[in-house]
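Data block for structure.pdb (PDB, C-alpha atoms):
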ATOM      1  CA  ASN A   1       0.000   0.000   0.000
ATOM      2  CA  TRP A   2       2.863   2.407   0.778
ATOM      3  CA  LEU A   3       4.397   1.909  -2.666
ATOM      4  CA  ASP A   4       1.052   2.487  -4.384
ATOM      5  CA  THR A   5       0.262   5.694  -2.482
ATOM      6  CA  ARG A   6       3.669   7.380  -2.089
ATOM      7  CA  GLU A   7       4.503  10.420  -4.191
ATOM      8  CA  GLY A   8       7.803  11.193  -5.855
ATOM      9  CA  LYS A   9       9.992   9.393  -8.347
ATOM     10  CA  PRO A  10       9.037   5.725  -8.903
ATOM     11  CA  PHE A  11      11.560   3.059  -7.951
ATOM     12  CA  THR A  12      13.221   1.171 -10.788
ATOM     13  CA  ALA A  13      15.406  -1.168  -8.694
ATOM     14  CA  ILE A  14      14.433  -3.074  -5.564
ATOM     15  CA  VAL A  15      17.456  -4.166  -3.510
ATOM     16  CA  ASP A  16      17.419  -7.256  -1.279
ATOM     17  CA  GLY A  17      19.361  -5.448   1.432
ATOM     18  CA  ALA A  18      20.252  -8.420   3.616
ATOM     19  CA  ASN A  19      21.480 -10.407   0.620
ATOM     20  CA  VAL A  20      23.788  -7.579  -0.483
ATOM     21  CA  ALA A  21      25.076  -6.783   3.028
ATOM     22  CA  TYR A  22      25.945 -10.442   3.712
ATOM     23  CA  TYR A  23      27.440 -11.064   0.255
ATOM     24  CA  MET A  24      30.843 -12.846   0.531
ATOM     25  CA  GLN A  25      31.101 -12.010   4.245
ATOM     26  CA  ASN A  26      31.718 -15.598   5.384
ATOM     27  CA  PHE A  27      35.253 -14.966   6.694
ATOM     28  CA  ASP A  28      36.662 -14.239  10.152
ATOM     29  CA  GLN A  29      36.193 -10.474   9.938
ATOM     30  CA  GLY A  30      32.921 -10.757   8.044
ATOM     31  CA  LYS A  31      29.810  -8.918   9.203
ATOM     32  CA  PHE A  32      26.509  -7.476   8.054
ATOM     33  CA  ASN A  33      28.223  -4.877   5.884
ATOM     34  CA  PHE A  34      26.373  -1.594   5.362
ATOM     35  CA  HIS A  35      29.226  -0.306   3.191
ATOM     36  CA  GLN A  36      28.327  -2.941   0.604
ATOM     37  CA  LEU A  37      24.748  -1.654   0.636
ATOM     38  CA  GLU A  38      25.951   1.905   0.086
ATOM     39  CA  PHE A  39      28.224   0.685  -2.715
ATOM     40  CA  MET A  40      25.282  -1.054  -4.429
ATOM     41  CA  VAL A  41      22.984   1.979  -4.164
ATOM     42  CA  ASP A  42      25.678   4.310  -5.546
ATOM     43  CA  ALA A  43      26.342   1.960  -8.474
ATOM     44  CA  LEU A  44      22.644   1.762  -9.390
ATOM     45  CA  GLU A  45      22.225   5.530  -9.226
ATOM     46  CA  LYS A  46      25.204   6.004 -11.543
ATOM     47  CA  MET A  47      23.304   3.777 -13.988
ATOM     48  CA  ASN A  48      20.293   6.139 -13.841
ATOM     49  CA  GLU A  49      18.243   3.763 -11.700
ATOM     50  CA  HIS A  50      16.220   4.762  -8.637
ATOM     51  CA  PRO A  51      16.821   2.101  -5.953
ATOM     52  CA  LEU A  52      14.844   1.114  -2.869
ATOM     53  CA  VAL A  53      16.624  -0.971  -0.213
ATOM     54  CA  ILE A  54      14.427  -3.346   1.767
ATOM     55  CA  LEU A  55      15.803  -4.478   5.124
ATOM     56  CA  PRO A  56      14.538  -6.560   8.050
ATOM     57  CA  ASN A  57      13.907  -4.413  11.101
ATOM     58  CA  LYS A  58      16.519  -6.246  13.233
ATOM     59  CA  TYR A  59      19.453  -4.895  11.221
ATOM     60  CA  LEU A  60      18.476  -1.311  11.954
ATOM     61  CA  ARG A  61      18.831  -1.700  15.706
ATOM     62  CA  LYS A  62      21.958  -0.604  17.537
ATOM     63  CA  HIS A  63      22.724  -4.232  18.452
ATOM     64  CA  PHE A  64      21.718  -7.366  16.546
ATOM     65  CA  HIS A  65      22.893 -10.919  15.965
ATOM     66  CA  ALA A  66      24.682 -11.282  12.620
ATOM     67  CA  ASN A  67      25.128 -14.634  10.896
ATOM     68  CA  THR A  68      27.914 -14.679   8.324
ATOM     69  CA  GLY A  69      27.955 -18.431   7.890
ATOM     70  CA  SER A  70      31.284 -18.818   9.669
ATOM     71  CA  SER A  71      30.027 -17.324  12.921
ATOM     72  CA  ASN A  72      27.001 -15.964  14.721
ATOM     73  CA  TYR A  73      27.808 -12.994  16.904
ATOM     74  CA  LYS A  74      26.360  -9.790  18.300
ATOM     75  CA  GLN A  75      27.121  -6.855  16.027
ATOM     76  CA  THR A  76      27.024  -3.247  17.205
ATOM     77  CA  LEU A  77      26.513  -0.458  14.672
ATOM     78  CA  ASN A  78      29.263   2.153  14.574
ATOM     79  CA  ARG A  79      29.035   5.817  13.638
ATOM     80  CA  ARG A  80      29.708   5.265   9.917
ATOM     81  CA  GLU A  81      27.056   2.541   9.697
ATOM     82  CA  HIS A  82      24.497   4.777  11.420
ATOM     83  CA  ALA A  83      25.383   7.495   8.892
ATOM     84  CA  ILE A  84      24.622   5.140   5.978
ATOM     85  CA  ILE A  85      21.238   4.244   7.491
ATOM     86  CA  ASP A  86      20.409   7.928   8.030
ATOM     87  CA  LYS A  87      21.449   8.770   4.467
ATOM     88  CA  LEU A  88      19.230   6.055   2.968
ATOM     89  CA  THR A  89      16.324   6.981   5.233
ATOM     90  CA  LYS A  90      16.464  10.716   4.520
ATOM     91  CA  GLY A  91      16.780  10.010   0.801
ATOM     92  CA  GLY A  92      13.627   7.868   0.869
ATOM     93  CA  LYS A  93      15.628   4.848  -0.306
ATOM     94  CA  LEU A  94      15.072   2.539   2.665
ATOM     95  CA  TYR A  95      12.050   0.458   3.654
ATOM     96  CA  ARG A  96      12.065  -1.134   7.099
ATOM     97  CA  CYS A  97      10.123  -4.379   7.291
ATOM     98  CA  PRO A  98       7.927  -4.675  10.380
ATOM     99  CA  PRO A  99       9.385  -6.744  13.247
ATOM    100  CA  MET A 100       8.991 -10.520  12.972
ATOM    101  CA  CYS A 101       8.093 -10.267   9.252
ATOM    102  CA  LEU A 102       9.939 -12.084   6.457
ATOM    103  CA  ASP A 103      11.630  -9.488   4.273
ATOM    104  CA  ASP A 104      11.627 -11.812   1.249
ATOM    105  CA  TYR A 105       7.922 -11.284   0.639
ATOM    106  CA  TYR A 106       8.336  -7.515   0.869
ATOM    107  CA  TRP A 107      10.977  -7.275  -1.860
ATOM    108  CA  MET A 108       9.146  -9.820  -4.008
ATOM    109  CA  LEU A 109       5.906  -7.844  -3.831
ATOM    110  CA  ALA A 110       7.743  -4.532  -4.266
ATOM    111  CA  SER A 111       9.083  -5.760  -7.615
ATOM    112  CA  VAL A 112       5.535  -6.105  -8.989
ATOM    113  CA  SER A 113       3.918  -3.130  -7.254
ATOM    114  CA  ASP A 114       2.015  -0.778  -9.549
ATOM    115  CA  GLN A 115       3.449   2.280  -7.723
ATOM    116  CA  THR A 116       0.191   3.887  -8.848
ATOM    117  CA  VAL A 117       0.693   7.467  -7.647
ATOM    118  CA  SER A 118       4.416   7.892  -8.307
ATOM    119  CA  ARG A 119       4.310   6.135 -11.683
ATOM    120  CA  ASN A 120       1.255   8.121 -12.817
ATOM    121  CA  GLY A 121       0.641   5.876 -15.816
ATOM    122  CA  ILE A 122       4.257   5.956 -17.035
ATOM    123  CA  ASP A 123       5.724   2.718 -18.387
ATOM    124  CA  LEU A 124       8.900   2.066 -16.354
ATOM    125  CA  ASP A 125      10.245  -0.661 -18.645
ATOM    126  CA  VAL A 126      13.384   0.280 -20.576
ATOM    127  CA  PRO A 127      13.450  -0.264 -24.371
ATOM    128  CA  PRO A 128      16.544  -1.399 -26.300
ATOM    129  CA  GLY A 129      18.807   1.367 -27.575
ATOM    130  CA  ASN A 130      17.526   3.970 -25.111
ATOM    131  CA  GLU A 131      19.359   7.303 -25.016
ATOM    132  CA  GLU A 132      20.321   6.980 -21.333
ATOM    133  CA  GLY A 133      22.356   3.841 -21.997
ATOM    134  CA  ARG A 134      20.420   1.795 -19.432
ATOM    135  CA  TRP A 135      20.161  -1.928 -20.043
ATOM    136  CA  PRO A 136      16.750  -2.856 -21.478
ATOM    137  CA  GLY A 137      14.130  -4.850 -19.657
ATOM    138  CA  THR A 138      11.463  -4.894 -17.000
ATOM    139  CA  ARG A 139      11.379  -2.279 -14.245
ATOM    140  CA  PRO A 140      11.511  -2.376 -11.361
ATOM    141  CA  MET A 141      14.225  -5.014 -11.373
ATOM    142  CA  LEU A 142      15.083  -6.989  -8.246
ATOM    143  CA  ILE A 143      18.739  -7.005  -7.153
ATOM    144  CA  THR A 144      19.488 -10.265  -5.347
ATOM    145  CA  ASN A 145      21.525 -13.455  -5.530
ATOM    146  CA  ASP A 146      18.871 -15.358  -3.596
ATOM    147  CA  GLN A 147      17.937 -18.477  -5.584
ATOM    148  CA  MET A 148      14.584 -18.672  -3.760
ATOM    149  CA  ARG A 149      14.551 -22.441  -3.575
ATOM    150  CA  ASP A 150      12.737 -22.445  -0.231
ATOM    151  CA  HIS A 151       9.961 -19.989  -1.028
ATOM    152  CA  ARG A 152       8.493 -19.597  -4.475
ATOM    153  CA  LEU A 153       5.508 -17.426  -3.728
ATOM    154  CA  LEU A 154       3.461 -20.600  -4.008
ATOM    155  CA  ASP A 155       0.752 -18.975  -1.947
ATOM    156  CA  LEU A 156       0.636 -16.015  -4.339
ATOM    157  CA  MET A 157       1.266 -17.377  -7.835
ATOM    158  CA  GLU A 158       1.463 -20.644  -9.731
ATOM    159  CA  ALA A 159       4.809 -22.204 -10.678
ATOM    160  CA  ARG A 160       4.746 -21.007 -14.311
ATOM    161  CA  LEU A 161       4.023 -17.416 -13.303
ATOM    162  CA  PHE A 162       6.819 -17.622 -10.728
ATOM    163  CA  ARG A 163       9.333 -18.717 -13.387
ATOM    164  CA  ARG A 164       8.225 -15.890 -15.649
ATOM    165  CA  TRP A 165       8.533 -13.350 -12.829
ATOM    166  CA  TYR A 166      11.952 -14.702 -11.866
ATOM    167  CA  SER A 167      13.387 -14.556 -15.402
ATOM    168  CA  CYS A 168      12.088 -11.030 -16.074
ATOM    169  CA  HIS A 169      12.852  -9.292 -12.751
ATOM    170  CA  ILE A 170      15.869 -10.910 -11.068
ATOM    171  CA  VAL A 171      19.281  -9.293 -11.579
ATOM    172  CA  ASN A 172      22.284 -11.060 -10.023
ATOM    173  CA  TYR A 173      25.468  -9.239  -9.052
ATOM    174  CA  ASN A 174      29.081  -9.817  -8.088
ATOM    175  CA  PHE A 175      31.803  -7.695  -6.519
ATOM    176  CA  THR A 176      34.837  -8.104  -4.261
ATOM    177  CA  ALA A 177      33.828  -8.387  -0.615
ATOM    178  CA  PHE A 178      34.393  -5.400   1.652
ATOM    179  CA  VAL A 179      36.467  -5.738   4.818
ATOM    180  CA  ASP A 180      34.663  -3.251   7.030
ATOM    181  CA  ASN A 181      34.600  -0.158   4.758
ATOM    182  CA  GLU A 182      37.516  -1.119   2.523
ATOM    183  CA  CYS A 183      37.499  -2.930  -0.822
ATOM    184  CA  ILE A 184      40.484  -3.536  -3.078
ATOM    185  CA  ASP A 185      38.438  -3.569  -6.290
ATOM    186  CA  ARG A 186      35.430  -1.264  -6.496
ATOM    187  CA  GLU A 187      33.948  -2.818  -9.596
ATOM    188  CA  ILE A 188      30.517  -4.394  -9.718
ATOM    189  CA  GLY A 189      29.087  -6.766 -12.300
ATOM    190  CA  PHE A 190      25.456  -7.469 -13.040
ATOM    191  CA  SER A 191      23.784 -10.415 -14.769
ATOM    192  CA  THR A 192      20.738  -8.785 -16.254
ATOM    193  CA  ALA A 193      17.281 -10.298 -16.394
ATOM    194  CA  ASP A 194      15.974 -11.758 -19.653
ATOM    195  CA  PHE A 195      14.645  -9.144 -22.066
ATOM    196  CA  PHE A 196      13.033 -11.857 -24.175
ATOM    197  CA  SER A 197      11.079 -14.617 -22.465
ATOM    198  CA  ARG A 198      12.605 -18.102 -22.711
ATOM    199  CA  GLU A 199       9.165 -19.678 -22.905
ATOM    200  CA  ILE A 200       7.314 -20.639 -26.074
ATOM    201  CA  GLN A 201       5.048 -17.724 -26.942
ATOM    202  CA  GLY A 202       2.373 -16.978 -29.511
ATOM    203  CA  ASN A 203       0.858 -13.777 -30.792
ATOM    204  CA  PRO A 204      -1.923 -13.058 -33.286
ATOM    205  CA  THR A 205      -0.915 -11.827 -36.757
ATOM    206  CA  PRO A 206      -2.933 -10.172 -39.534
ATOM    207  CA  GLY A 207      -3.448 -11.788 -42.911
ATOM    208  CA  TYR A 208      -1.463  -9.206 -44.887
ATOM    209  CA  GLY A 209      -3.814  -9.293 -47.828
ATOM    210  CA  THR A 210      -3.807 -13.076 -48.262
ATOM    211  CA  ASP A 211      -6.875 -15.234 -48.435
ATOM    212  CA  THR A 212      -5.899 -17.052 -45.257
ATOM    213  CA  GLY A 213      -7.108 -14.335 -42.902
ATOM    214  CA  SER A 214      -5.380 -13.816 -39.583
ATOM    215  CA  GLY A 215      -3.244 -16.371 -37.817
ATOM    216  CA  THR A 216      -0.896 -17.004 -34.927
ATOM    217  CA  ALA A 217       2.891 -16.657 -34.905
ATOM    218  CA  TRP A 218       4.663 -19.021 -32.515
ATOM    219  CA  HIS A 219       8.154 -18.226 -31.184
ATOM    220  CA  PHE A 220      10.322 -21.169 -30.086
ATOM    221  CA  PRO A 221      13.604 -20.681 -28.143
ATOM    222  CA  ILE A 222      16.346 -23.012 -29.392
ATOM    223  CA  SER A 223      18.892 -24.269 -26.854
ATOM    224  CA  ASP A 224      22.015 -23.740 -29.029
ATOM    225  CA  TRP A 225      20.901 -20.398 -30.521
ATOM    226  CA  ASP A 226      21.638 -16.945 -29.103
ATOM    227  CA  ALA A 227      19.466 -15.815 -26.189
ATOM    228  CA  ASP A 228      17.510 -13.320 -28.330
ATOM    229  CA  GLU A 229      16.964 -15.644 -31.328
ATOM    230  CA  ARG A 230      13.759 -17.613 -31.883
ATOM    231  CA  LEU A 231      12.374 -20.034 -34.458
ATOM    232  CA  CYS A 232       9.174 -18.388 -35.683
ATOM    233  CA  ILE A 233       6.331 -20.343 -37.290
ATOM    234  CA  ARG A 234       3.148 -18.671 -38.481
ATOM    235  CA  ILE A 235       0.040 -20.816 -38.529
ATOM    236  CA  PRO A 236      -2.758 -19.205 -40.576
ATOM    237  CA  SER A 237      -6.406 -19.389 -39.668
ATOM    238  CA  PHE A 238      -8.126 -20.447 -42.882
ATOM    239  CA  LYS A 239     -11.481 -18.925 -43.634
ATOM    240  CA  GLN A 240     -14.257 -21.369 -44.238
ATOM    241  CA  ASN A 241     -16.931 -20.620 -46.814
ATOM    242  CA  VAL A 242     -20.286 -21.568 -45.439
ATOM    243  CA  HIS A 243     -22.950 -22.223 -48.088
ATOM    244  CA  LYS A 244     -26.601 -22.289 -47.153
TER     245      LYS A 244
END
Could you express the structure from this file as C-alpha cells?
Amino acid sequence: NWLDTREGKPFTAIVDGANVAYYMQNFDQGKFNFHQLEFMVDALEKMNEHPLVILPNKYLRKHFHANTGSSNYKQTLNRREHAIIDKLTKGGKLYRCPPMCLDDYYWMLASVSDQTVSRNGIDLDVPPGNEEGRWPGTRPMLITNDQMRDHRLLDLMEARLFRRWYSCHIVNYNFTAFVDNECIDREIGFSTADFFSREIQGNPTPGYGTDTGSGTAWHFPISDWDADERLCIRIPSFKQNVHK
C-alpha cells in the first residue's frame, strides 16, 4: 500500500538489502556490511536507476545478531554505519520491514507493485537502444543473488508465473567483498534479467492481404541459438466458406 500511495519518483530497482550486506562475508572479519549496501545503491544511481533498499527491522537496531555463515555474533553499529542508514532513510531509499516479518515477501511484492501514484501511468520498462544507456528490460528489477529455492511465492502465484517473474525481474550481481569499509576492487558486475522470455510464446498476426485471414505466430527458443533468437512459425487461420 505504501508503494502504491507514495509520491515522488518511482523506484526502478528493488534491492534485497540483507542479501547484499551479507554477500561474501563468510570470513573471520565478516559482518553485516552496510558499506556494501551503500556501494550497491551508488552503483545503481550512476546507472540512472532509482533504488529502494528493503531491510529486516533487526538490522536497523543498535545491536543485533549477525550470521555470516562462519560465525554468529552480536554486532554493534558504529558511527559510519548509522550514517549510511540515516542517508538512505532521509533520501527515501530505505524500507524497514515490520518486526517478525519475512523481508523476502516484501521485496518480491515490491518488484511487482504498480506504484500507482508515483508512476502516474508511465511505463517504467526500458526499451533497447535507449538514449540513457540503461540496459533494457522490465522495471523495477530486483537485485538479489537469492535463488529462492525455499519460497516460491506458491501462496501467491502458480509455478509457471513464478518462473516468468523470476526470469524477467531478477538481476544477479558480483563484486569483491568489503572488509569493514575497505574494498580492493570497487567494480561491480550485473547479470541482467531476460529481455526476451525463454518460454514458447504466440501472438496473433494479420493476414497481410492473403486469403488465409489472420493467424498465430509461434516463437520457439532453441537451446544452441543466441538468447535473443527464436524459431518463428506462423500458422494461418483459414477462412471457411459456409454455403446455405
Selection dump of the PyMOL selection byres ((chain A and resi 35) around 12), as an MDAnalysis selection string: chainID A and resid 17 20:23 25 31:34 36:42 77:78 80:85 88 177:183 186
Mind dumping a table of every segment 165-206 of chain A residue within 7 Å of segment 133-144 of chain A, with the nearest atom pair and its distance in Å to one decimal, using all atoms listed in the file, sorted by chain and rising number, as a tab-separated table?
residue	atom	partner	partner_atom	distance
A:Cys168	CA	A:Thr138	CA	6.2
A:His169	CA	A:Met141	CA	4.7
A:Ile170	CA	A:Leu142	CA	4.9
A:Val171	CA	A:Ile143	CA	5.0
A:Asn172	CA	A:Thr144	CA	5.5
A:Phe195	CA	A:Gly137	CA	5.0
Neighbour list for Asp103 of chain A as a ChimeraX atom specification, cut-off 7 Å, only C-alpha atoms, skip fewer than 4 positions in-chain: /A:55-56,97,107
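In this comparison, which uses all atoms listed in the file, the residue of A:Ser237, A:Thr216, A:Asn67, A:Gln115 approaching Phe11 of chain A most closely is A:Gln115.
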As a check of understanding, name the residues that the PyMOL selection byres ((chain A and resi 26) around 6) selects in the supplied structure, as a short mmCIF file (atom, residue, chain, number, x, y, z; two decimals) with C-alpha atoms, keeping the file's coordinate frame.
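This is the output file result30.cif:
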data_model
loop_
_atom_site.label_atom_id
_atom_site.label_comp_id
_atom_site.auth_asym_id
_atom_site.auth_seq_id
_atom_site.Cartn_x
_atom_site.Cartn_y
_atom_site.Cartn_z
CA MET A 24 30.84 -12.85 0.53
CA GLN A 25 31.10 -12.01 4.24
CA PHE A 27 35.25 -14.97 6.69
CA GLY A 30 32.92 -10.76 8.04
CA THR A 68 27.91 -14.68 8.32
CA GLY A 69 27.96 -18.43 7.89
CA SER A 70 31.28 -18.82 9.67
#
d(atom CA of Thr76 of chain A, atom CA of His63 of chain A) in Å: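 Distance reported for this atom pair: 4.6 Å.
Atom CA of Gly189 of chain A to atom CA of Asn130 of chain A spans 20.3 Å [interatomic distance, one decimal].
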Residue contacts of Arg6 of chain A (10 Å, all atoms listed in the file) excluding same-chain residues fewer than 6 positions away, as a list of chain:residue names: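 Selected residues are A:Gln115, A:Thr116, A:Val117, A:Ser118, A:Arg119.
In this comparison, which uses all atoms listed in the file, the residue of A:Leu231, A:Trp165, A:Phe64, A:Ile14 approaching Gln201 of chain A most closely is A:Leu231.
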Selection result for the PyMOL selection byres ((chain A and resi 233) around 12) on this file, as a count of residues only: 19
First collect every listed atom of segment 33-46 of chain A; then fit an axis-aligned box around them, widen it by 8 Å on each side, and give centre and edge lengths in Å to one decimal, as AutoDock Vina command-line options.
--center_x 25.7 --center_y 0.6 --center_z -2.8 --size_x 23.0 --size_y 26.9 --size_z 33.4
Nearest candidate to Tyr73 of chain A (options A:Leu102, A:Met108, A:Gln29, A:Lys90; using only C-alpha atoms): A:Gln29
Selected residue of minimal separation from Ala18 of chain A among A:Asn57, A:Ser167, A:Ser71, A:Thr176, counting all atoms listed in the file: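 Under the stated criterion, the closest residue is A:Asn57.
Taking atom CA of Val112 of chain A as the reference point, atom CA of Ala43 of chain A is found at 22.3 Å.
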Given all atoms listed in the file as the counted atoms, nearest of A:Ile222, A:Met47, A:Ala13, A:Leu60 to Glu132 of chain A: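 Closest to Glu132 of chain A, using all atoms listed in the file: A:Met47.
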Top pick for closest residue to His50 of chain A, considering A:Leu124, A:Asp4, A:Tyr106, A:Lys87 and counting all atoms listed in the file: A:Leu124
